[in-house]
Amino acid sequence: MDTLSNDWVHPKEGSLVNRLGFGQDASVRDAVENELRISAMALGLPEEMFDEFMKLSVEDRAEFFADGVRKFRQRASFPSSGSENPERRASLVSLDAESAPEFASEIRQRRVVTGGVETRERAREYLSGQYTSADGLMHRQACQLELPFQVKSRWYFEAVRFLPERARAHHQNVLALCPLCAAKYNYVRDTPDDAFLAGLLELEIAAGDGQSSIPISLNSQRVVLMFTAKHAIDLKAVMSSAGEGHG
């Protein structure tokens with residue numbers, strides 16, 4: 001018999017069974033399965049799904065790991081952009097925020113912004129600058145993966161307002177999201193605006209920090225929003241600017 005049943009109890013170290021090498025195949029199998037479990041969970045597989053995962057073919061399991069490693073590498077290359085003087089940067093952004101245009105919108109089949117066209121275009125350029133890595137690939141802030149395609153030589157993404165009910169249209173008050181995450185953010189975000197704003201204002205960003213993050217809940221799932229440090233500094237400044245408030 002080449003293998004042992006799953007209920008095999010390993011004998012004590014130094015026993016005759018071990019000295020004869022009996023049961024080594026089962027030990028190797030258990031060790032390999034444990035390594036697979038640890039690796040799969042590290043790449044995001046829920047522990048309760050592991051038994052189903054083991055029923056997949058070797059090829060499908062290999063594809064899962066290849067895809068997981070690819071996503072891990074993409075998240076690891078998320079852009080980093082820090083400020084050597086966060087206080088000065090925040091002060092300058094606050095001054096600029098006071099002259100931002102009033103925000104206006106109409107309710108059609110969906111909310112459509114009718115004011116601040118220049119701000120919207122400036123926001124997209126701002127996000128592209130913050131979240132495009134040195135190799136020219138742009139990342140999404142919610143899942144941190146690279147955007148998959150471009151339209152007319154520009155990365156396709158949704159520029160979603162960080163906090164929608166604000167009196168002014170600040171170009172920093174935006175997030176770079178894929179269409180799916182944007183829809184979740186707009187329609188099934190569980191984290192209320194006041195808690196979201198509090199999380200932002202509590203961020204401590206030191207000189208030279210390249211990134212920051214805020215955990216939120218979308219459709220009952222925990223999601224970490226990643227920011228470059230410069231974006232987080234700017235966003236804190238405009239959210240705290242004089243005359244800003246809920247619309």
# chains A, B, ... in the order shown; residues from 1 in each chain; ligands from 1
$ closest_atom_pairs --of "stretch 172-245 of chain A" --to "stretch 132-143 of chain A" --cutoff "8 Å" --atoms "only C-alpha atoms" --output "JSON lines"
{"residue": "A:Leu175", "atom": "CA", "partner": "A:Gln141", "partner_atom": "CA", "distance": 6.9}
{"residue": "A:Ala176", "atom": "CA", "partner": "A:Arg140", "partner_atom": "CA", "distance": 5.5}
{"residue": "A:Leu177", "atom": "CA", "partner": "A:Arg140", "partner_atom": "CA", "distance": 5.1}
{"residue": "A:Cys178", "atom": "CA", "partner": "A:Arg140", "partner_atom": "CA", "distance": 6.4}
{"residue": "A:Cys181", "atom": "CA", "partner": "A:Ala142", "partner_atom": "CA", "distance": 6.9}
{"residue": "A:Val223", "atom": "CA", "partner": "A:Ala142", "partner_atom": "CA", "distance": 6.6}
{"residue": "A:Val224", "atom": "CA", "partner": "A:Ala142", "partner_atom": "CA", "distance": 6.1}
{"residue": "A:Leu225", "atom": "CA", "partner": "A:Ala142", "partner_atom": "CA", "distance": 4.8}
{"residue": "A:Met226", "atom": "CA", "partner": "A:Gln141", "partner_atom": "CA", "distance": 5.1}
{"residue": "A:Phe227", "atom": "CA", "partner": "A:Gln141", "partner_atom": "CA", "distance": 6.7}
$ atom_distance --atom1 "atom CA of A:Trp155" --atom2 "atom CA of A:Asp190"
28.1 Å
$ residues_around --residues "A:Pro86" --least-positions-apart "2" --cutoff "12 Å" --atoms "only C-alpha atoms" --output "mmCIF file with N, CA and C atoms, in the first residue's frame"
data_model
loop_
_atom_site.group_PDB
_atom_site.id
_atom_site.type_symbol
_atom_site.label_atom_id
_atom_site.label_comp_id
_atom_site.auth_asym_id
_atom_site.auth_seq_id
_atom_site.Cartn_x
_atom_site.Cartn_y
_atom_site.Cartn_z
ATOM 1 N N SER A 81 4.432 58.048 -3.458
ATOM 2 C CA SER A 81 4.798 59.443 -3.708
ATOM 3 C C SER A 81 4.656 60.228 -2.413
ATOM 4 N N GLY A 82 5.783 60.625 -1.842
ATOM 5 C CA GLY A 82 5.764 61.317 -0.564
ATOM 6 C C GLY A 82 6.154 62.775 -0.673
ATOM 7 N N SER A 83 5.932 63.494 0.402
ATOM 8 C CA SER A 83 6.293 64.910 0.484
ATOM 9 C C SER A 83 7.347 65.087 1.570
ATOM 10 N N GLU A 84 8.362 65.870 1.273
ATOM 11 C CA GLU A 84 9.396 66.142 2.268
ATOM 12 C C GLU A 84 8.922 67.140 3.319
ATOM 13 N N ARG A 88 3.742 72.069 4.827
ATOM 14 C CA ARG A 88 3.759 73.127 3.814
ATOM 15 C C ARG A 88 2.861 72.752 2.639
ATOM 16 N N ARG A 89 2.917 71.498 2.218
ATOM 17 C CA ARG A 89 2.069 71.068 1.108
ATOM 18 C C ARG A 89 0.597 71.238 1.469
ATOM 19 N N ALA A 90 0.221 70.825 2.679
ATOM 20 C CA ALA A 90 -1.168 70.947 3.109
ATOM 21 C C ALA A 90 -1.601 72.406 3.155
ATOM 22 N N SER A 91 -0.706 73.287 3.598
ATOM 23 C CA SER A 91 -1.026 74.715 3.669
ATOM 24 C C SER A 91 -1.297 75.291 2.287
ATOM 25 N N LEU A 92 -0.465 74.929 1.317
ATOM 26 C CA LEU A 92 -0.647 75.436 -0.044
ATOM 27 C C LEU A 92 -1.934 74.898 -0.667
ATOM 28 N N VAL A 93 -2.222 73.629 -0.425
ATOM 29 C CA VAL A 93 -3.450 73.038 -0.969
ATOM 30 C C VAL A 93 -4.677 73.690 -0.338
ATOM 31 N N GLU A 204 -1.833 59.968 10.027
ATOM 32 C CA GLU A 204 -0.605 60.690 10.349
ATOM 33 C C GLU A 204 0.420 60.383 9.262
ATOM 34 N N ILE A 205 0.826 61.418 8.554
ATOM 35 C CA ILE A 205 1.731 61.245 7.419
ATOM 36 C C ILE A 205 3.005 62.035 7.694
ATOM 37 N N ALA A 206 4.090 61.330 7.812
ATOM 38 C CA ALA A 206 5.370 61.964 8.122
ATOM 39 C C ALA A 206 6.112 62.307 6.835
ATOM 40 N N ALA A 207 7.089 63.172 6.958
ATOM 41 C CA ALA A 207 7.914 63.540 5.810
ATOM 42 C C ALA A 207 8.571 62.296 5.228
ATOM 43 N N GLY A 208 8.449 62.145 3.924
ATOM 44 C CA GLY A 208 9.060 61.005 3.255
ATOM 45 C C GLY A 208 8.182 59.782 3.144
ATOM 46 N N ASP A 209 7.056 59.736 3.880
ATOM 47 C CA ASP A 209 6.132 58.608 3.730
ATOM 48 C C ASP A 209 5.623 58.579 2.297
ATOM 49 N N GLY A 210 5.560 57.390 1.719
ATOM 50 C CA GLY A 210 5.143 57.294 0.328
ATOM 51 C C GLY A 210 3.701 56.896 0.122
ATOM 52 N N ALA A 229 1.011 59.199 -0.476
ATOM 53 C CA ALA A 229 1.023 60.128 0.655
ATOM 54 C C ALA A 229 0.625 61.536 0.218
ATOM 55 N N LYS A 230 1.054 61.942 -0.971
ATOM 56 C CA LYS A 230 0.705 63.282 -1.458
ATOM 57 C C LYS A 230 -0.802 63.434 -1.628
ATOM 58 N N HIS A 231 -1.454 62.407 -2.167
ATOM 59 C CA HIS A 231 -2.908 62.478 -2.336
ATOM 60 C C HIS A 231 -3.590 62.555 -0.973
ATOM 61 N N ALA A 232 -3.134 61.760 -0.023
ATOM 62 C CA ALA A 232 -3.737 61.783 1.310
ATOM 63 C C ALA A 232 -3.561 63.149 1.968
ATOM 64 N N ILE A 233 -2.376 63.736 1.828
ATOM 65 C CA ILE A 233 -2.127 65.075 2.388
ATOM 66 C C ILE A 233 -3.068 66.095 1.753
ATOM 67 N N ASP A 234 -3.164 66.050 0.425
ATOM 68 C CA ASP A 234 -4.013 67.001 -0.296
ATOM 69 C C ASP A 234 -5.478 66.837 0.093
ATOM 70 N N LEU A 235 -5.912 65.592 0.192
ATOM 71 C CA LEU A 235 -7.311 65.318 0.511
ATOM 72 C C LEU A 235 -7.652 65.790 1.919
ATOM 73 N N LYS A 236 -6.760 65.550 2.860
ATOM 74 C CA LYS A 236 -6.976 66.047 4.221
ATOM 75 C C LYS A 236 -7.088 67.567 4.225
ATOM 76 N N ALA A 237 -6.255 68.213 3.435
ATOM 77 C CA ALA A 237 -6.249 69.678 3.407
ATOM 78 C C ALA A 237 -7.559 70.231 2.856
#
$ residues_around --residues "A:Leu163" --least-positions-apart "4" --cutoff "10 Å" --atoms "only C-alpha atoms" --output "list in words"
Asn173, Val174, Leu175, Asn186, Pro192, Asp193, Asp194, Phe196, Leu197, Met239 and His246 of chain A
$ closest_residue --among "A:Ser217, A:Ser94, A:Gln150, A:Gln130" --to "A:Thr191" --atoms "only C-alpha atoms"
A:Ser217
$ atom_distance --atom1 "atom CA of A:Thr119" --atom2 "atom CA of A:Glu158"
14.6 Å
$ atom_distance --atom1 "atom CA of A:Gln211" --atom2 "atom CA of A:Phe72"
16.9 Å
$ closest_residue --among "A:Leu180, A:Ile214, A:Val69, A:Leu203" --to "A:Phe162" --atoms "only C-alpha atoms"
A:Ile214
$ decode --residues "stretch 169-185 of chain A" --atoms "all heavy atoms" --output "mmCIF file, in the first residue's frame"
data_model
loop_
_atom_site.group_PDB
_atom_site.id
_atom_site.type_symbol
_atom_site.label_atom_id
_atom_site.label_comp_id
_atom_site.auth_asym_id
_atom_site.auth_seq_id
_atom_site.Cartn_x
_atom_site.Cartn_y
_atom_site.Cartn_z
ATOM 1 N N ALA A 169 -16.150 71.733 -5.586
ATOM 2 C CA ALA A 169 -15.607 70.688 -6.460
ATOM 3 C C ALA A 169 -14.085 70.748 -6.430
ATOM 4 O O ALA A 169 -13.461 71.467 -7.204
ATOM 5 C CB ALA A 169 -16.123 70.865 -7.885
ATOM 6 N N HIS A 170 -13.488 70.017 -5.521
ATOM 7 C CA HIS A 170 -12.030 69.960 -5.406
ATOM 8 C C HIS A 170 -11.498 68.818 -6.268
ATOM 9 O O HIS A 170 -11.985 67.691 -6.175
ATOM 10 C CB HIS A 170 -11.611 69.724 -3.956
ATOM 11 C CG HIS A 170 -12.094 70.774 -3.004
ATOM 12 N ND1 HIS A 170 -11.610 72.055 -3.011
ATOM 13 C CD2 HIS A 170 -13.025 70.720 -2.012
ATOM 14 C CE1 HIS A 170 -12.209 72.760 -2.057
ATOM 15 N NE2 HIS A 170 -13.068 71.978 -1.441
ATOM 16 N N HIS A 171 -10.482 69.089 -7.053
ATOM 17 C CA HIS A 171 -9.965 68.028 -7.918
ATOM 18 C C HIS A 171 -9.240 66.943 -7.126
ATOM 19 O O HIS A 171 -9.032 65.841 -7.629
ATOM 20 C CB HIS A 171 -9.032 68.618 -8.992
ATOM 21 C CG HIS A 171 -7.721 69.115 -8.478
ATOM 22 N ND1 HIS A 171 -7.528 70.410 -8.042
ATOM 23 C CD2 HIS A 171 -6.522 68.486 -8.328
ATOM 24 C CE1 HIS A 171 -6.277 70.563 -7.651
ATOM 25 N NE2 HIS A 171 -5.642 69.414 -7.815
ATOM 26 N N GLN A 172 -8.899 67.225 -5.870
ATOM 27 C CA GLN A 172 -8.254 66.200 -5.040
ATOM 28 C C GLN A 172 -9.274 65.265 -4.381
ATOM 29 O O GLN A 172 -8.910 64.201 -3.872
ATOM 30 C CB GLN A 172 -7.404 66.856 -3.942
ATOM 31 C CG GLN A 172 -6.326 67.797 -4.460
ATOM 32 C CD GLN A 172 -6.802 69.248 -4.493
ATOM 33 O OE1 GLN A 172 -8.004 69.532 -4.553
ATOM 34 N NE2 GLN A 172 -5.856 70.175 -4.449
ATOM 35 N N ASN A 173 -10.544 65.644 -4.387
ATOM 36 C CA ASN A 173 -11.594 64.865 -3.726
ATOM 37 C C ASN A 173 -12.094 63.749 -4.648
ATOM 38 O O ASN A 173 -13.278 63.641 -4.957
ATOM 39 C CB ASN A 173 -12.755 65.791 -3.329
ATOM 40 C CG ASN A 173 -13.859 65.048 -2.592
ATOM 41 O OD1 ASN A 173 -13.619 64.027 -1.948
ATOM 42 N ND2 ASN A 173 -15.081 65.548 -2.704
ATOM 43 N N VAL A 174 -11.176 62.930 -5.112
ATOM 44 C CA VAL A 174 -11.514 61.880 -6.068
ATOM 45 C C VAL A 174 -10.695 60.627 -5.782
ATOM 46 O O VAL A 174 -9.641 60.682 -5.150
ATOM 47 C CB VAL A 174 -11.257 62.328 -7.527
ATOM 48 C CG1 VAL A 174 -12.322 63.283 -8.009
ATOM 49 C CG2 VAL A 174 -9.872 62.944 -7.663
ATOM 50 N N LEU A 175 -11.207 59.511 -6.273
ATOM 51 C CA LEU A 175 -10.523 58.231 -6.175
ATOM 52 C C LEU A 175 -10.435 57.612 -7.562
ATOM 53 O O LEU A 175 -11.344 57.772 -8.379
ATOM 54 C CB LEU A 175 -11.291 57.278 -5.255
ATOM 55 C CG LEU A 175 -11.504 57.714 -3.810
ATOM 56 C CD1 LEU A 175 -12.484 56.772 -3.122
ATOM 57 C CD2 LEU A 175 -10.183 57.759 -3.057
ATOM 58 N N ALA A 176 -9.364 56.893 -7.822
ATOM 59 C CA ALA A 176 -9.200 56.170 -9.086
ATOM 60 C C ALA A 176 -9.642 54.727 -8.866
ATOM 61 O O ALA A 176 -8.960 53.957 -8.192
ATOM 62 C CB ALA A 176 -7.745 56.218 -9.544
ATOM 63 N N LEU A 177 -10.806 54.373 -9.423
ATOM 64 C CA LEU A 177 -11.372 53.044 -9.215
ATOM 65 C C LEU A 177 -11.726 52.397 -10.549
ATOM 66 O O LEU A 177 -11.979 53.084 -11.535
ATOM 67 C CB LEU A 177 -12.637 53.125 -8.351
ATOM 68 C CG LEU A 177 -12.510 53.790 -6.975
ATOM 69 C CD1 LEU A 177 -13.873 53.838 -6.295
ATOM 70 C CD2 LEU A 177 -11.502 53.061 -6.098
ATOM 71 N N CYS A 178 -11.758 51.069 -10.550
ATOM 72 C CA CYS A 178 -12.272 50.360 -11.718
ATOM 73 C C CYS A 178 -13.798 50.467 -11.692
ATOM 74 O O CYS A 178 -14.384 50.804 -10.657
ATOM 75 C CB CYS A 178 -11.823 48.900 -11.702
ATOM 76 S SG CYS A 178 -12.522 47.918 -10.352
ATOM 77 N N PRO A 179 -14.487 50.206 -12.803
ATOM 78 C CA PRO A 179 -15.949 50.356 -12.828
ATOM 79 C C PRO A 179 -16.675 49.546 -11.753
ATOM 80 O O PRO A 179 -17.643 50.026 -11.159
ATOM 81 C CB PRO A 179 -16.322 49.883 -14.237
ATOM 82 C CG PRO A 179 -15.112 50.217 -15.059
ATOM 83 C CD PRO A 179 -13.942 49.943 -14.160
ATOM 84 N N LEU A 180 -16.220 48.321 -11.482
ATOM 85 C CA LEU A 180 -16.890 47.495 -10.473
ATOM 86 C C LEU A 180 -16.740 48.101 -9.083
ATOM 87 O O LEU A 180 -17.726 48.240 -8.340
ATOM 88 C CB LEU A 180 -16.320 46.071 -10.491
ATOM 89 C CG LEU A 180 -16.886 45.118 -9.431
ATOM 90 C CD1 LEU A 180 -18.395 44.981 -9.574
ATOM 91 C CD2 LEU A 180 -16.212 43.751 -9.519
ATOM 92 N N CYS A 181 -15.523 48.474 -8.720
ATOM 93 C CA CYS A 181 -15.304 49.075 -7.399
ATOM 94 C C CYS A 181 -16.015 50.425 -7.294
ATOM 95 O O CYS A 181 -16.500 50.796 -6.219
ATOM 96 C CB CYS A 181 -13.813 49.233 -7.130
ATOM 97 S SG CYS A 181 -12.954 47.670 -6.808
ATOM 98 N N ALA A 182 -16.082 51.160 -8.404
ATOM 99 C CA ALA A 182 -16.776 52.446 -8.400
ATOM 100 C C ALA A 182 -18.262 52.256 -8.106
ATOM 101 O O ALA A 182 -18.861 53.010 -7.327
ATOM 102 C CB ALA A 182 -16.582 53.147 -9.742
ATOM 103 N N ALA A 183 -18.867 51.244 -8.729
ATOM 104 C CA ALA A 183 -20.284 50.971 -8.485
ATOM 105 C C ALA A 183 -20.514 50.570 -7.031
ATOM 106 O O ALA A 183 -21.469 51.023 -6.385
ATOM 107 C CB ALA A 183 -20.767 49.871 -9.428
ATOM 108 N N LYS A 184 -19.640 49.742 -6.495
ATOM 109 C CA LYS A 184 -19.766 49.348 -5.087
ATOM 110 C C LYS A 184 -19.613 50.564 -4.181
ATOM 111 O O LYS A 184 -20.353 50.727 -3.206
ATOM 112 C CB LYS A 184 -18.703 48.304 -4.736
ATOM 113 C CG LYS A 184 -18.925 46.935 -5.353
ATOM 114 C CD LYS A 184 -17.825 45.979 -4.911
ATOM 115 C CE LYS A 184 -18.015 44.591 -5.488
ATOM 116 N NZ LYS A 184 -16.933 43.665 -5.053
ATOM 117 N N TYR A 185 -18.654 51.412 -4.510
ATOM 118 C CA TYR A 185 -18.390 52.590 -3.685
ATOM 119 C C TYR A 185 -19.592 53.532 -3.672
ATOM 120 O O TYR A 185 -19.956 54.088 -2.636
ATOM 121 C CB TYR A 185 -17.153 53.314 -4.213
ATOM 122 C CG TYR A 185 -16.642 54.408 -3.310
ATOM 123 C CD1 TYR A 185 -15.727 54.130 -2.306
ATOM 124 C CD2 TYR A 185 -17.081 55.722 -3.462
ATOM 125 C CE1 TYR A 185 -15.261 55.127 -1.470
ATOM 126 C CE2 TYR A 185 -16.621 56.726 -2.629
ATOM 127 C CZ TYR A 185 -15.710 56.422 -1.637
ATOM 128 O OH TYR A 185 -15.259 57.415 -0.804
#
